[in-house]
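Undergrad: Input model-v4.cif, format and content: mmCIF, C-alpha atoms.
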data_target
#
loop_
_atom_site.group_PDB
_atom_site.id
_atom_site.type_symbol
_atom_site.label_atom_id
_atom_site.label_comp_id
_atom_site.auth_asym_id
_atom_site.auth_seq_id
_atom_site.Cartn_x
_atom_site.Cartn_y
_atom_site.Cartn_z
ATOM 1 C CA MET A 230 125.245 -65.419 154.718
ATOM 2 C CA ILE A 231 124.076 -67.578 157.565
ATOM 3 C CA LEU A 232 126.379 -69.894 159.474
ATOM 4 C CA GLY A 233 125.416 -72.755 161.745
ATOM 5 C CA CYS A 234 127.009 -75.395 163.939
ATOM 6 C CA MET A 235 125.715 -78.444 165.775
ATOM 7 C CA GLU A 236 127.145 -81.463 167.558
ATOM 8 C CA LEU A 237 127.190 -84.719 165.628
ATOM 9 C CA GLY A 238 125.891 -86.843 168.459
ATOM 10 C CA ALA A 239 125.104 -90.294 167.047
ATOM 11 C CA LEU A 240 124.742 -88.962 163.494
ATOM 12 C CA SER A 241 127.309 -89.256 160.725
ATOM 13 C CA GLY A 242 128.859 -86.051 159.414
ATOM 14 C CA HIS A 243 126.752 -86.375 156.260
ATOM 15 C CA GLU A 244 123.494 -86.866 158.183
ATOM 16 C CA ALA A 245 124.188 -84.018 160.598
ATOM 17 C CA GLY A 246 125.269 -81.763 157.738
ATOM 18 C CA ARG A 247 122.019 -82.341 155.875
ATOM 19 C CA LEU A 248 119.967 -81.685 159.028
ATOM 20 C CA LEU A 249 121.847 -78.461 159.730
ATOM 21 C CA LEU A 250 121.482 -77.347 156.116
ATOM 22 C CA GLN A 251 117.720 -77.970 156.304
ATOM 23 C CA LYS A 252 117.507 -75.950 159.541
ATOM 24 C CA LEU A 253 119.428 -73.014 158.060
ATOM 25 C CA TRP A 254 117.308 -73.152 154.897
ATOM 26 C CA GLU A 255 114.083 -73.033 156.912
ATOM 27 C CA GLU A 256 115.384 -70.078 158.982
ATOM 28 C CA GLN A 257 116.704 -68.074 156.029
ATOM 29 C CA VAL A 258 114.495 -68.993 153.076
ATOM 30 C CA GLY A 259 111.607 -71.110 154.298
ATOM 31 C CA GLY A 260 109.967 -74.036 152.597
ATOM 32 C CA THR A 261 111.439 -77.272 151.364
ATOM 33 C CA LEU A 262 115.133 -77.676 150.739
ATOM 34 C CA PRO A 263 115.811 -77.674 146.976
ATOM 35 C CA GLU A 264 117.138 -80.715 145.180
ATOM 36 C CA ILE A 265 120.876 -81.178 145.648
ATOM 37 C CA ALA A 266 123.161 -82.405 142.866
ATOM 38 C CA VAL A 267 126.925 -82.888 142.733
ATOM 39 C CA THR A 268 129.380 -81.679 140.087
ATOM 40 C CA ASP A 269 131.731 -84.150 138.409
ATOM 41 C CA ARG A 270 134.417 -82.988 140.884
ATOM 42 C CA GLY A 271 132.148 -83.668 143.870
ATOM 43 C CA LYS A 272 130.947 -80.165 144.797
ATOM 44 C CA PRO A 273 127.330 -80.268 145.989
ATOM 45 C CA TYR A 274 124.945 -77.539 144.835
ATOM 46 C CA PHE A 275 121.262 -76.700 144.763
ATOM 47 C CA VAL A 276 119.521 -77.416 141.477
ATOM 48 C CA ASP A 277 117.549 -74.383 140.207
ATOM 49 C CA SER A 278 118.319 -72.113 143.174
ATOM 50 C CA PRO A 279 120.406 -68.950 143.535
ATOM 51 C CA TRP A 280 121.556 -70.126 146.982
ATOM 52 C CA HIS A 281 124.895 -71.808 147.692
ATOM 53 C CA PHE A 282 126.052 -73.902 150.630
ATOM 54 C CA SER A 283 129.086 -75.624 152.041
ATOM 55 C CA ILE A 284 129.376 -78.147 154.858
ATOM 56 C CA SER A 285 132.311 -79.281 156.984
ATOM 57 C CA HIS A 286 132.473 -81.669 159.894
ATOM 58 C CA THR A 287 134.969 -82.614 162.552
ATOM 59 C CA LYS A 288 134.825 -85.633 164.834
ATOM 60 C CA LYS A 289 132.436 -83.767 167.141
ATOM 61 C CA ARG A 290 130.658 -81.055 165.151
ATOM 62 C CA VAL A 291 129.221 -80.088 161.810
ATOM 63 C CA PHE A 292 129.324 -76.583 160.313
ATOM 64 C CA CYS A 293 127.280 -75.200 157.450
ATOM 65 C CA ALA A 294 127.311 -71.929 155.527
ATOM 66 C CA LEU A 295 124.300 -70.882 153.412
ATOM 67 C CA SER A 296 124.801 -67.898 151.136
ATOM 68 C CA ARG A 297 123.651 -66.062 148.012
ATOM 69 C CA GLU A 298 127.326 -66.170 146.980
ATOM 70 C CA ASN A 299 129.470 -69.179 146.210
ATOM 71 C CA VAL A 300 130.887 -70.314 149.551
ATOM 72 C CA GLY A 301 133.418 -72.758 150.977
ATOM 73 C CA ILE A 302 133.765 -73.712 154.645
ATOM 74 C CA ASP A 303 136.187 -75.880 156.561
ATOM 75 C CA ALA A 304 136.611 -76.595 160.256
ATOM 76 C CA GLU A 305 139.073 -78.446 162.443
ATOM 77 C CA GLU A 306 139.003 -79.047 166.174
ATOM 78 C CA ALA A 307 141.339 -76.396 167.628
ATOM 79 C CA ASP A 308 143.066 -78.996 169.816
ATOM 80 C CA ARG A 309 143.565 -81.507 166.996
ATOM 81 C CA ASP A 310 146.961 -83.171 166.829
ATOM 82 C CA ILE A 311 148.652 -82.491 163.507
ATOM 83 C CA ASN A 312 152.022 -83.589 162.177
ATOM 84 C CA LEU A 313 154.035 -80.386 161.878
ATOM 85 C CA ARG A 314 156.180 -81.967 159.141
ATOM 86 C CA LEU A 315 153.178 -81.457 156.838
ATOM 87 C CA ALA A 316 154.148 -77.782 156.706
ATOM 88 C CA ASP A 317 157.002 -78.618 154.327
ATOM 89 C CA LYS A 318 154.594 -80.322 151.923
ATOM 90 C CA ILE A 319 151.461 -78.170 152.011
ATOM 91 C CA LEU A 320 152.664 -74.612 152.598
ATOM 92 C CA SER A 321 153.809 -72.209 149.903
ATOM 93 C CA PRO A 322 157.077 -70.343 150.549
ATOM 94 C CA VAL A 323 155.126 -67.253 151.748
ATOM 95 C CA GLU A 324 153.065 -69.382 154.139
ATOM 96 C CA LYS A 325 156.103 -71.353 155.322
ATOM 97 C CA GLU A 326 157.857 -68.123 156.345
ATOM 98 C CA GLN A 327 154.841 -67.193 158.492
ATOM 99 C CA PHE A 328 154.667 -70.713 159.931
ATOM 100 C CA ASP A 329 158.363 -70.649 160.846
ATOM 101 C CA ARG A 330 157.877 -67.350 162.746
ATOM 102 C CA ALA A 331 154.673 -68.484 164.527
ATOM 103 C CA ALA A 332 154.858 -69.075 168.267
ATOM 104 C CA ASP A 333 152.099 -71.718 168.098
ATOM 105 C CA LYS A 334 153.033 -73.892 165.123
ATOM 106 C CA ARG A 335 150.107 -76.316 165.536
ATOM 107 C CA THR A 336 147.519 -73.520 165.410
ATOM 108 C CA ALA A 337 149.382 -71.898 162.514
ATOM 109 C CA LEU A 338 149.314 -75.100 160.476
ATOM 110 C CA LEU A 339 145.644 -75.721 161.274
ATOM 111 C CA THR A 340 144.856 -72.139 160.239
ATOM 112 C CA PHE A 341 146.485 -72.634 156.859
ATOM 113 C CA TRP A 342 144.809 -76.021 156.497
ATOM 114 C CA VAL A 343 141.245 -74.727 157.023
ATOM 115 C CA LEU A 344 141.917 -71.890 154.571
ATOM 116 C CA LYS A 345 143.210 -74.313 151.935
ATOM 117 C CA GLU A 346 140.283 -76.717 152.405
ATOM 118 C CA ALA A 347 137.721 -73.902 152.304
ATOM 119 C CA ALA A 348 139.337 -72.569 149.107
ATOM 120 C CA ALA A 349 139.192 -76.028 147.521
ATOM 121 C CA LYS A 350 135.492 -76.287 148.393
ATOM 122 C CA LEU A 351 134.841 -72.769 147.117
ATOM 123 C CA SER A 352 136.459 -73.481 143.753
ATOM 124 C CA GLY A 353 134.890 -76.913 143.456
ATOM 125 C CA GLU A 354 138.237 -78.315 142.361
ATOM 126 C CA GLY A 355 138.954 -80.185 145.581
ATOM 127 C CA LEU A 356 142.445 -80.890 146.873
ATOM 128 C CA ARG A 357 144.823 -82.510 144.426
ATOM 129 C CA GLY A 358 148.375 -83.282 145.361
ATOM 130 C CA TYR A 359 149.875 -80.892 147.865
ATOM 131 C CA PRO A 360 148.068 -77.525 148.158
ATOM 132 C CA ASP A 361 151.321 -75.563 148.249
ATOM 133 C CA HIS A 362 150.415 -72.863 145.710
ATOM 134 C CA THR A 363 148.300 -70.543 147.879
ATOM 135 C CA ARG A 364 149.371 -67.298 149.550
ATOM 136 C CA PHE A 365 147.262 -67.178 152.696
ATOM 137 C CA SER A 366 148.059 -65.164 155.808
ATOM 138 C CA LEU A 367 147.878 -66.234 159.447
ATOM 139 C CA GLU A 368 146.094 -62.906 160.026
ATOM 140 C CA ASP A 369 143.252 -63.795 157.626
ATOM 141 C CA SER A 370 140.003 -62.513 159.158
ATOM 142 C CA ARG A 371 138.034 -65.282 157.437
ATOM 143 C CA VAL A 372 139.386 -67.726 160.041
ATOM 144 C CA PHE A 373 137.807 -67.642 163.487
ATOM 145 C CA HIS A 374 137.144 -69.774 166.553
ATOM 146 C CA MET A 375 133.689 -71.288 166.961
ATOM 147 C CA GLU A 376 132.610 -74.046 169.338
ATOM 148 C CA GLY A 377 136.192 -75.143 170.039
ATOM 149 C CA CYS A 378 137.105 -75.245 166.352
ATOM 150 C CA LEU A 379 139.074 -73.189 163.871
ATOM 151 C CA VAL A 380 136.687 -72.325 161.042
ATOM 152 C CA ALA A 381 137.384 -70.716 157.670
ATOM 153 C CA VAL A 382 134.587 -69.345 155.476
ATOM 154 C CA LEU A 383 135.461 -68.050 152.012
ATOM 155 C CA THR A 384 133.254 -66.534 149.313
ATOM 156 C CA ASP A 385 133.880 -65.263 145.803
ATOM 157 C CA ALA A 386 133.286 -61.700 147.011
#
When written as C-alpha coordinates, how does the structure in this file appear?
TA:
Amino acid sequence: MILGCMELGALSGHEAGRLLLQKLWEEQVGGTLPEIAVTDRGKPYFVDSPWHFSISHTKKRVFCALSRENVGIDAEEADRDINLRLADKILSPVEKEQFDRAADKRTALLTFWVLKEAAAKLSGEGLRGYPDHTRFSLEDSRVFHMEGCLVAVLTDA
(Lines of atoms letter the chains of each structure in order from A and count residues from 1; the text may use other names and numbers.)
(Lines give C-alpha, C1' and ligand atoms only; values in the text may rest on other atoms or scores of the structure.)
Protein backbone atom coordinates (compact mmCIF):
# COMPACT_ATOMS: atom_id res chain seq x y z
CA MET A 1 0.00 0.00 0.00
CA ILE A 2 1.09 3.53 -0.68
CA LEU A 3 -0.25 6.51 1.25
CA GLY A 4 -0.04 10.16 0.30
CA CYS A 5 -1.04 13.56 1.61
CA MET A 6 -1.05 17.06 0.15
CA GLU A 7 -2.45 20.47 1.03
CA LEU A 8 -5.62 21.52 -0.75
CA GLY A 9 -4.45 25.02 -1.53
CA ALA A 10 -7.00 26.58 -3.90
CA LEU A 11 -8.25 23.19 -5.09
CA SER A 12 -11.45 21.48 -4.00
CA GLY A 13 -11.15 18.23 -2.07
CA HIS A 14 -12.26 16.33 -5.18
CA GLU A 15 -9.71 18.04 -7.44
CA ALA A 16 -6.85 17.60 -4.98
CA GLY A 17 -7.84 13.99 -4.36
CA ARG A 18 -7.72 13.17 -8.05
CA LEU A 19 -4.32 14.87 -8.43
CA LEU A 20 -2.91 12.98 -5.46
CA LEU A 21 -4.33 9.70 -6.75
CA GLN A 22 -2.69 10.32 -10.14
CA LYS A 23 0.65 11.06 -8.44
CA LEU A 24 0.50 7.89 -6.34
CA TRP A 25 -0.50 5.85 -9.40
CA GLU A 26 2.45 7.18 -11.40
CA GLU A 27 4.86 6.42 -8.50
CA GLN A 28 3.53 2.93 -7.79
CA VAL A 29 2.24 1.60 -11.11
CA GLY A 30 3.20 4.01 -13.86
CA GLY A 31 1.22 5.00 -16.90
CA THR A 32 -2.22 6.50 -17.18
CA LEU A 33 -4.71 6.33 -14.35
CA PRO A 34 -7.41 3.75 -15.17
CA GLU A 35 -11.01 4.73 -15.72
CA ILE A 36 -12.87 5.35 -12.47
CA ALA A 37 -16.50 4.32 -11.94
CA VAL A 38 -18.76 4.54 -8.90
CA THR A 39 -20.93 1.82 -7.36
CA ASP A 40 -24.63 2.45 -6.78
CA ARG A 41 -23.74 3.27 -3.15
CA GLY A 42 -21.13 5.83 -4.22
CA LYS A 43 -17.86 3.92 -3.74
CA PRO A 44 -15.36 4.85 -6.45
CA TYR A 45 -13.26 2.09 -8.03
CA PHE A 46 -10.96 1.47 -10.95
CA VAL A 47 -12.57 -0.24 -13.93
CA ASP A 48 -10.57 -3.30 -15.08
CA SER A 49 -7.75 -2.93 -12.55
CA PRO A 50 -6.69 -5.02 -9.54
CA TRP A 51 -5.80 -1.81 -7.66
CA HIS A 52 -8.03 -0.14 -5.07
CA PHE A 53 -8.02 3.39 -3.68
CA SER A 54 -9.68 5.58 -1.11
CA ILE A 55 -9.56 9.34 -0.66
CA SER A 56 -10.38 11.59 2.29
CA HIS A 57 -10.05 15.32 2.71
CA THR A 58 -10.20 17.80 5.54
CA LYS A 59 -10.49 21.56 5.25
CA LYS A 60 -6.74 21.80 4.67
CA ARG A 61 -5.48 18.48 3.31
CA VAL A 62 -6.28 15.51 1.14
CA PHE A 63 -5.18 11.93 1.85
CA CYS A 64 -5.13 8.98 -0.51
CA ALA A 65 -4.40 5.28 -0.10
CA LEU A 66 -3.59 3.10 -3.14
CA SER A 67 -3.50 -0.63 -2.55
CA ARG A 68 -3.79 -4.10 -4.10
CA GLU A 69 -6.35 -4.76 -1.34
CA ASN A 70 -9.70 -3.12 -0.79
CA VAL A 71 -8.99 -0.02 1.30
CA GLY A 72 -10.82 2.71 3.20
CA ILE A 73 -9.26 5.91 4.55
CA ASP A 74 -10.57 8.78 6.63
CA ALA A 75 -8.89 11.82 8.13
CA GLU A 76 -9.85 14.64 10.45
CA GLU A 77 -7.83 17.63 11.58
CA ALA A 78 -6.52 16.66 15.03
CA ASP A 79 -7.56 20.04 16.47
CA ARG A 80 -11.07 19.94 15.00
CA ASP A 81 -13.87 21.00 17.32
CA ILE A 82 -16.40 18.22 17.77
CA ASN A 83 -19.58 18.07 19.82
CA LEU A 84 -18.88 15.51 22.52
CA ARG A 85 -22.61 14.77 22.82
CA LEU A 86 -22.25 12.85 19.54
CA ALA A 87 -20.63 10.07 21.57
CA ASP A 88 -24.05 9.02 22.87
CA LYS A 89 -25.37 8.65 19.31
CA ILE A 90 -22.46 7.17 17.36
CA LEU A 91 -20.57 4.97 19.82
CA SER A 92 -21.41 1.36 20.61
CA PRO A 93 -21.54 0.40 24.31
CA VAL A 94 -17.97 -1.01 24.11
CA GLU A 95 -16.70 2.20 22.50
CA LYS A 96 -18.65 4.41 24.91
CA GLU A 97 -16.97 2.74 27.89
CA GLN A 98 -13.56 3.56 26.40
CA PHE A 99 -14.66 7.11 25.60
CA ASP A 100 -15.90 7.65 29.16
CA ARG A 101 -12.51 6.55 30.56
CA ALA A 102 -10.45 8.63 28.07
CA ALA A 103 -8.55 11.61 29.43
CA ASP A 104 -8.85 13.46 26.09
CA LYS A 105 -12.47 13.00 25.05
CA ARG A 106 -12.19 15.08 21.86
CA THR A 107 -9.30 12.98 20.52
CA ALA A 108 -11.09 9.80 21.60
CA LEU A 109 -14.24 10.74 19.70
CA LEU A 110 -12.26 11.78 16.61
CA THR A 111 -10.39 8.47 16.75
CA PHE A 112 -13.62 6.50 16.73
CA TRP A 113 -15.02 8.74 14.01
CA VAL A 114 -12.13 8.20 11.56
CA LEU A 115 -12.32 4.44 12.18
CA LYS A 116 -16.06 4.40 11.50
CA GLU A 117 -15.73 6.50 8.34
CA ALA A 118 -12.83 4.41 7.03
CA ALA A 119 -14.85 1.23 7.68
CA ALA A 120 -17.83 2.67 5.80
CA LYS A 121 -15.58 3.50 2.84
CA LEU A 122 -13.96 0.06 2.99
CA SER A 123 -17.31 -1.73 2.89
CA GLY A 124 -18.75 0.59 0.27
CA GLU A 125 -21.95 0.82 2.28
CA GLY A 126 -21.41 4.38 3.47
CA LEU A 127 -22.77 5.74 6.74
CA ARG A 128 -26.46 5.23 7.33
CA GLY A 129 -28.12 6.39 10.49
CA TYR A 130 -25.88 6.34 13.53
CA PRO A 131 -22.79 4.10 13.21
CA ASP A 132 -23.19 2.70 16.72
CA HIS A 133 -22.73 -1.00 15.90
CA THR A 134 -18.92 -1.18 15.66
CA ARG A 135 -16.48 -2.42 18.30
CA PHE A 136 -13.38 -0.33 17.69
CA SER A 137 -10.63 0.31 20.22
CA LEU A 138 -8.89 3.58 21.06
CA GLU A 139 -5.65 1.57 20.85
CA ASP A 140 -6.26 0.61 17.20
CA SER A 141 -2.90 0.76 15.39
CA ARG A 142 -4.64 1.62 12.12
CA VAL A 143 -5.14 5.17 13.43
CA PHE A 144 -2.13 7.48 13.38
CA HIS A 145 -1.14 11.14 13.24
CA MET A 146 -0.05 12.56 9.89
CA GLU A 147 0.34 16.21 8.92
CA GLY A 148 -1.67 17.45 11.91
CA CYS A 149 -4.51 15.00 11.29
CA LEU A 150 -5.83 11.78 12.75
CA VAL A 151 -5.89 9.24 9.93
CA ALA A 152 -7.40 5.75 9.81
CA VAL A 153 -6.55 3.28 7.04
CA LEU A 154 -8.40 -0.04 6.94
CA THR A 155 -8.08 -2.97 4.53
CA ASP A 156 -9.84 -6.30 4.19
CA ALA A 157 -6.66 -8.07 5.33
Undergrad: Would you write out, as a ChimeraX atom specification, every residue that the PyMOL selection byres ((chain A and resi 325-333) around 12) captures in this file?
TA: /A:307-308,313-324,334-342,361-368
Undergrad: For the PyMOL selection byres ((chain A and resi 343) around 12), applied here, can you spell out every residue it catches as number ranges by chain?
TA: A: 285-287, 301-307, 319, 336-342, 344-351, 356, 360, 365-367, 369, 371-374, 378-383
Undergrad: Separation of CA of Arg309 in chain A and CA of His243 in chain A, in Å?
TA: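 That distance, rounded to one decimal, is 20.5 Å.
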Undergrad: Would you kindly translate the PyMOL selection byres ((chain A and resi 247) around 12) into the concrete residues it picks from this file, as number ranges by chain?
TA: A: 233-235, 237, 240-246, 248-254, 262-265, 273, 282-286, 291-295
Undergrad: Distance CA of Glu236 in chain A-CA of Glu376 in chain A, one decimal place?
TA: 9.4 Å
Undergrad: Closest to Gly377 in chain A among A:Lys272, A:His281, A:Arg297, A:Lys288, using only C-alpha atoms?
TA: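 Going through A:Lys272, A:His281, A:Arg297, A:Lys288 one by one, the smallest distance to Gly377 in chain A is for A:Lys288.
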Undergrad: What is the CA of Gly353 in chain A to CA of Thr384 in chain A distance in Å?
TA: 12.0 Å
Undergrad: Could you check the closest approach to Met230 in chain A for each of A:Val276, A:Val300, A:Met375, A:Val267 and tell me which residue wins, using only C-alpha atoms?
TA: A:Val300
